[in-house]
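Report on the following structure.
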Amino acid sequence: MPELPEVETICRSLRDATEATPPLVGQQIIGVRLGWPRHVVEPSAAGLRRRIRGQIVRDVNRRGKFILVSLDRDTLIVHLMMSGDLFLAPAGTRRTPHDHTIFRLASGWQLRFRDPRKFGRVFLVADRETVLERLGPEPLSEGFRVKQLELILGRHKRALKPLLMDQAAIAGLGNIYTDEALHRARLHPLRGSQTLGPLEIRALWKGIRSALRAGLRHNGASIDWVYRGGDFQNHFRVYGQEGEPCPVCGTTIVRSVIGQRSTFTCPNCQPWGKN
DNA sequence: CACGAGACCTGTTCGC
DNA sequence: TGCGAACAGGTCTCGT
C-alpha cells in the first residue's frame, strides 16, 4: 500500500489523536516483540531491544516512503515496502499472524507493524541520514521547482517511468502515482527523460504534484486486502483501468509491462512514436 | 550508466 | 470444487 500519499496518511494518523486512538507522540516504549527478526536491518535484534527501551516518541514524520519516529536519542525508521501497515492497537486486541513487530507502550497501547509479505524494514539509528542520504527531493516540498525537475531529467538518459520511480531521483513515487502523473502530463512512460521540451517538463512537474495531492486528499489508495482508510482507488484515471475508457478522451486504457511493472496508459493522450 | 532478470515473501484472483 | 499460474503499492543485487 505504500507510496508517498499512503505513507503520509499513516504518519498523520499516528501523530494525531483520533476518537479511537491516542497520539503516538509522547508515548514511552517499554518493550519490543520481534516475530520476524529479519525485518530489522540495524542494529541487531538484541541491540534494538536494548536501545529502544525507555525512549519516548517525540515526533512522527515522513521522508520519501520512510516513516520516521523520532525518539529521545534515536530515530525508529520503518519502510512498509509492498504490504506493510503501521498502527496503534490496545494491548488486549487480538493480533493477526502478520503482526510481526510490536512495540509495547507504557500506556497499554501497542505500535504494531503488520506485514504479510515480510518485505518491510525497520531501523533504529542515531543518525537518520545514514538511511535517508540517497533519497532525491520531496516532490511536494516548496523547494521542488520545475527547474529542479529539469535538472533531474537532464542528468539521466532513461525512460521516464523507471526514472520517476527511482527514489534517488525523486522520493515517494511508486507504480500507481507514476502512471497517474504521466497520464496527467500526457507523456508516454517510455519517453527518454532528456527528450522533453520546456512545456512537457512543466506538464510533468504539474502532473506529479497533482497526482500526489489527489492521493493525499483521498487519504491514499486502498487496493487489496491491505490498508484501510483511503479511497483514491476510486479516482484512478489509468492505473488498473485496462479496458476502461480514458476519463479525458474515452479511448480504451491499455496495460503493458515496463521495468517489470504493470503500466497503464491512454494510447490517445499518451502517444508513443508519434512525437 | 541503463536495463532486464531474479530474489525476497505471502495472499488473492483468474483460467481451465 | 480444485489447482496451478499470474499478479500485487518496493527495493536490492547481479549480469550484460
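Just remember, in the C-alpha cells the first chain shown is A, the second B, etc., residues are 1-based per chain, and ligands are 1-based in the order shown.
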
Show me, as a ChimeraX atom specification, the residues that have an atom within 12 Å of stretch 8-11 of chain C when counting only C-alpha atoms (C1' of nucleotides), minus same-chain residues fewer than 2 positions from it.
/A:1-7,65-66,79-85,116-121,165-168,172-178,220-227,233,239-240,261-262 /B:7-13 /C:6,13

Those selected residues, please, written with C-alpha atoms (C1' of nucleotides) and delivered as a tab-separated table (two decimals), in the first residue's frame.
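result00.tsv, freshly written:
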```
chain	number	residue	atom	x	y	z
A	1	MET	CA	0.00	0.00	0.00
A	2	PRO	CA	2.76	2.44	0.37
A	3	GLU	CA	3.60	5.34	-1.82
A	4	LEU	CA	4.02	8.90	-0.63
A	5	PRO	CA	0.32	9.67	0.00
A	6	GLU	CA	-0.36	6.42	1.83
A	7	VAL	CA	2.76	6.77	3.99
A	65	LYS	CA	8.37	6.30	1.69
A	66	PHE	CA	10.12	6.02	5.06
A	79	HIS	CA	9.70	1.14	5.45
A	80	LEU	CA	6.40	-0.57	4.63
A	81	MET	CA	7.52	-1.94	1.25
A	82	MET	CA	4.67	-3.74	-0.55
A	83	SER	CA	2.32	-4.88	2.17
A	84	GLY	CA	3.22	-3.17	5.44
A	85	ASP	CA	0.97	-1.26	7.78
A	116	PRO	CA	2.08	-10.19	5.31
A	117	ARG	CA	4.80	-10.32	2.67
A	118	LYS	CA	7.61	-9.61	5.13
A	119	PHE	CA	9.44	-7.25	2.78
A	120	GLY	CA	9.28	-4.35	5.23
A	121	ARG	CA	12.27	-2.92	7.06
A	165	MET	CA	10.24	5.50	-9.69
A	166	ASP	CA	13.93	5.76	-8.77
A	167	GLN	CA	13.95	7.01	-5.16
A	168	ALA	CA	17.39	8.54	-5.65
A	172	GLY	CA	8.00	8.97	-2.91
A	173	LEU	CA	6.62	7.96	-6.31
A	174	GLY	CA	5.73	4.31	-6.90
A	175	ASN	CA	3.93	2.35	-9.58
A	176	ILE	CA	0.50	3.92	-9.12
A	177	TYR	CA	1.37	7.58	-8.81
A	178	THR	CA	3.94	7.42	-11.61
A	220	GLY	CA	-4.29	7.35	-0.19
A	221	ALA	CA	-5.45	4.30	-2.07
A	222	SER	CA	-6.63	1.02	-0.56
A	223	ILE	CA	-6.45	-1.71	-3.16
A	224	ASP	CA	-6.10	-5.23	-1.89
A	225	TRP	CA	-6.73	-6.74	1.49
A	226	VAL	CA	-4.03	-4.44	2.86
A	227	TYR	CA	-4.70	-0.97	4.17
A	233	GLN	CA	-8.53	3.83	-5.81
A	239	TYR	CA	-3.90	2.69	-13.02
A	240	GLY	CA	-5.70	-0.66	-13.02
A	261	ARG	CA	5.87	-3.40	-13.61
A	262	SER	CA	2.32	-3.19	-14.86
B	7	DA	C1'	15.34	-12.80	-5.30
B	8	DC	C1'	12.87	-11.74	-1.20
B	9	DC	C1'	7.56	-13.43	0.81
B	10	DT	C1'	2.50	-14.47	1.24
B	11	DG	C1'	-2.16	-13.97	-0.18
B	12	DT	C1'	-5.81	-13.34	-3.67
B	13	DT	C1'	-7.72	-13.86	-8.05
C	6	DA	C1'	-0.31	-14.87	-12.62
C	13	DT	C1'	21.86	-7.41	-6.47
```

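Residues in contact with A:Leu216 at up to 8 Å, not including ones fewer than 2 positions away on its chain and judged by only C-alpha atoms (C1' of nucleotides), are Pro5, Glu6, Glu8, Thr9, Leu212, Arg213, Ala214, His218, Asn219 and Gly220 of chain A.
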
Mind writing the picked residues with C-alpha atoms as a compact mmCIF listing (two decimals), in the first residue's frame?
```
# COMPACT_ATOMS: atom_id res chain seq x y z
CA PRO A 5 0.32 9.67 0.00
CA GLU A 6 -0.36 6.42 1.83
CA GLU A 8 1.93 10.40 4.75
CA THR A 9 -1.63 9.42 5.70
CA LEU A 212 0.19 13.11 -5.29
CA ARG A 213 -2.09 15.82 -3.95
CA ALA A 214 -5.15 13.99 -5.22
CA HIS A 218 -8.36 10.90 -0.52
CA ASN A 219 -6.08 9.60 2.26
CA GLY A 220 -4.29 7.35 -0.19
```

From a backbone DSSP assignment, name each residue in stretch 84-192 of chain A labelled strand (DSSP E or B), as a list in words.
Asp85, Leu86, Phe87, Leu88, Ala89, Pro90, Asp99, His100, Thr101, Ile102, Phe103, Arg104, Leu105, Trp109, Gln110, Leu111, Arg112, Phe113, Arg114, Arg121, Val122, Phe123, Leu124, Val125, Ala159 and Gly192 of chain A

Expected file contents, prior selection, C-alpha atoms, as a compact mmCIF listing (two decimals), in the first residue's frame:
```
# COMPACT_ATOMS: atom_id res chain seq x y z
CA ASP A 85 0.97 -1.26 7.78
CA LEU A 86 1.82 0.60 10.98
CA PHE A 87 -0.91 1.37 13.50
CA LEU A 88 -1.85 1.67 17.16
CA ALA A 89 -3.87 -1.01 18.92
CA PRO A 90 -4.76 -1.68 22.56
CA ASP A 99 1.53 -8.51 13.18
CA HIS A 100 5.21 -9.40 13.30
CA THR A 101 6.81 -6.48 15.05
CA ILE A 102 5.12 -4.98 18.08
CA PHE A 103 6.33 -2.07 20.19
CA ARG A 104 4.79 -2.10 23.65
CA LEU A 105 3.93 1.29 25.11
CA TRP A 109 -1.27 0.61 23.72
CA GLN A 110 0.93 -1.03 21.12
CA LEU A 111 2.51 0.20 17.90
CA ARG A 112 2.12 -2.72 15.51
CA PHE A 113 3.92 -3.35 12.25
CA ARG A 114 1.77 -5.72 10.19
CA ARG A 121 12.27 -2.92 7.06
CA VAL A 122 12.98 -1.48 10.47
CA PHE A 123 15.98 0.61 11.50
CA LEU A 124 16.95 2.19 14.81
CA VAL A 125 19.68 4.73 14.21
CA ALA A 159 12.85 6.15 -19.81
CA GLY A 192 13.51 9.45 -22.93
```

Between atom CA of A:Ile67 and atom CA of A:Cys11, what distance in Å does the model show, to one decimal?
6.8 Å

Enumerate, as a ChimeraX atom specification, the complete set of residues in stretch 62-247 of chain A that a backbone-based DSSP assignment places in helix (DSSP H, G or I).
/A:129-132,146-155,160-165,175-185,193-195,198-217,232-235

Could you take the residues named above and write them with C-alpha atoms, as a JSON list (two decimals), in the first residue's frame?
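again.json, freshly written:
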```json
[["chain", "number", "residue", "atom", "x", "y", "z"],
["A", 129, "GLU", "CA", 20.82, 10.43, 7.37],
["A", 130, "THR", "CA", 22.68, 7.14, 7.16],
["A", 131, "VAL", "CA", 19.39, 5.64, 5.96],
["A", 132, "LEU", "CA", 17.99, 8.60, 4.02],
["A", 146, "VAL", "CA", 10.29, 22.96, -12.40],
["A", 147, "LYS", "CA", 13.96, 23.83, -12.76],
["A", 148, "GLN", "CA", 14.95, 21.09, -10.36],
["A", 149, "LEU", "CA", 12.91, 18.52, -12.26],
["A", 150, "GLU", "CA", 14.55, 19.71, -15.45],
["A", 151, "LEU", "CA", 17.98, 19.08, -13.97],
["A", 152, "ILE", "CA", 17.00, 15.60, -12.82],
["A", 153, "LEU", "CA", 15.60, 14.69, -16.23],
["A", 154, "GLY", "CA", 18.68, 16.02, -17.99],
["A", 155, "ARG", "CA", 21.13, 14.24, -15.72],
["A", 160, "LEU", "CA", 10.57, 8.42, -17.79],
["A", 161, "LYS", "CA", 8.78, 5.76, -15.79],
["A", 162, "PRO", "CA", 11.78, 3.94, -14.28],
["A", 163, "LEU", "CA", 13.43, 7.30, -13.61],
["A", 164, "LEU", "CA", 10.42, 8.68, -11.76],
["A", 165, "MET", "CA", 10.24, 5.50, -9.69],
["A", 175, "ASN", "CA", 3.93, 2.35, -9.58],
["A", 176, "ILE", "CA", 0.50, 3.92, -9.12],
["A", 177, "TYR", "CA", 1.37, 7.58, -8.81],
["A", 178, "THR", "CA", 3.94, 7.42, -11.61],
["A", 179, "ASP", "CA", 1.29, 6.17, -14.03],
["A", 180, "GLU", "CA", -1.21, 8.72, -12.79],
["A", 181, "ALA", "CA", 1.35, 11.54, -13.06],
["A", 182, "LEU", "CA", 2.39, 10.59, -16.60],
["A", 183, "HIS", "CA", -1.22, 10.47, -17.75],
["A", 184, "ARG", "CA", -1.89, 13.90, -16.30],
["A", 185, "ALA", "CA", 1.22, 15.15, -18.11],
["A", 193, "SER", "CA", 13.95, 11.72, -19.91],
["A", 194, "GLN", "CA", 16.29, 14.03, -21.82],
["A", 195, "THR", "CA", 13.96, 14.48, -24.82],
["A", 198, "PRO", "CA", 10.12, 23.01, -21.61],
["A", 199, "LEU", "CA", 6.34, 22.69, -21.84],
["A", 200, "GLU", "CA", 6.49, 18.95, -21.32],
["A", 201, "ILE", "CA", 8.75, 19.33, -18.30],
["A", 202, "ARG", "CA", 6.33, 21.78, -16.77],
["A", 203, "ALA", "CA", 3.43, 19.44, -17.52],
["A", 204, "LEU", "CA", 5.27, 16.58, -15.82],
["A", 205, "TRP", "CA", 6.01, 18.72, -12.78],
["A", 206, "LYS", "CA", 2.34, 19.60, -12.53],
["A", 207, "GLY", "CA", 1.29, 16.01, -13.17],
["A", 208, "ILE", "CA", 3.47, 14.64, -10.38],
["A", 209, "ARG", "CA", 2.23, 17.16, -7.86],
["A", 210, "SER", "CA", -1.41, 16.97, -8.81],
["A", 211, "ALA", "CA", -1.43, 13.14, -8.74],
["A", 212, "LEU", "CA", 0.19, 13.11, -5.29],
["A", 213, "ARG", "CA", -2.09, 15.82, -3.95],
["A", 214, "ALA", "CA", -5.15, 13.99, -5.22],
["A", 215, "GLY", "CA", -3.96, 10.86, -3.47],
["A", 216, "LEU", "CA", -3.40, 12.81, -0.28],
["A", 217, "ARG", "CA", -6.87, 14.39, -0.48],
["A", 232, "PHE", "CA", -8.15, 7.16, -4.00],
["A", 233, "GLN", "CA", -8.53, 3.83, -5.81],
["A", 234, "ASN", "CA", -11.97, 5.07, -6.86],
["A", 235, "HIS", "CA", -10.38, 8.02, -8.62]]
```

Contact residues around C:DC14 with only C-alpha atoms (C1' of nucleotides) at 12 Å, ignoring same-chain residues under 6 positions, as an MDAnalysis selection string:
chainID B and resid 4:7

Please produce a file of those selected residues containing C-alpha atoms (C1' of nucleotides), as a PDB file, in the first residue's frame.
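And here is the file that came out, result.pdb:
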```pdb
ATOM      1  C1'  DG B   4      16.441  -6.838 -17.583  1.00  0.00           C
ATOM      2  C1'  DA B   5      16.027 -10.828 -14.696  1.00  0.00           C
ATOM      3  C1'  DG B   6      15.858 -12.942 -10.326  1.00  0.00           C
ATOM      4  C1'  DA B   7      15.340 -12.804  -5.303  1.00  0.00           C
TER       5       DA B   7
END
```
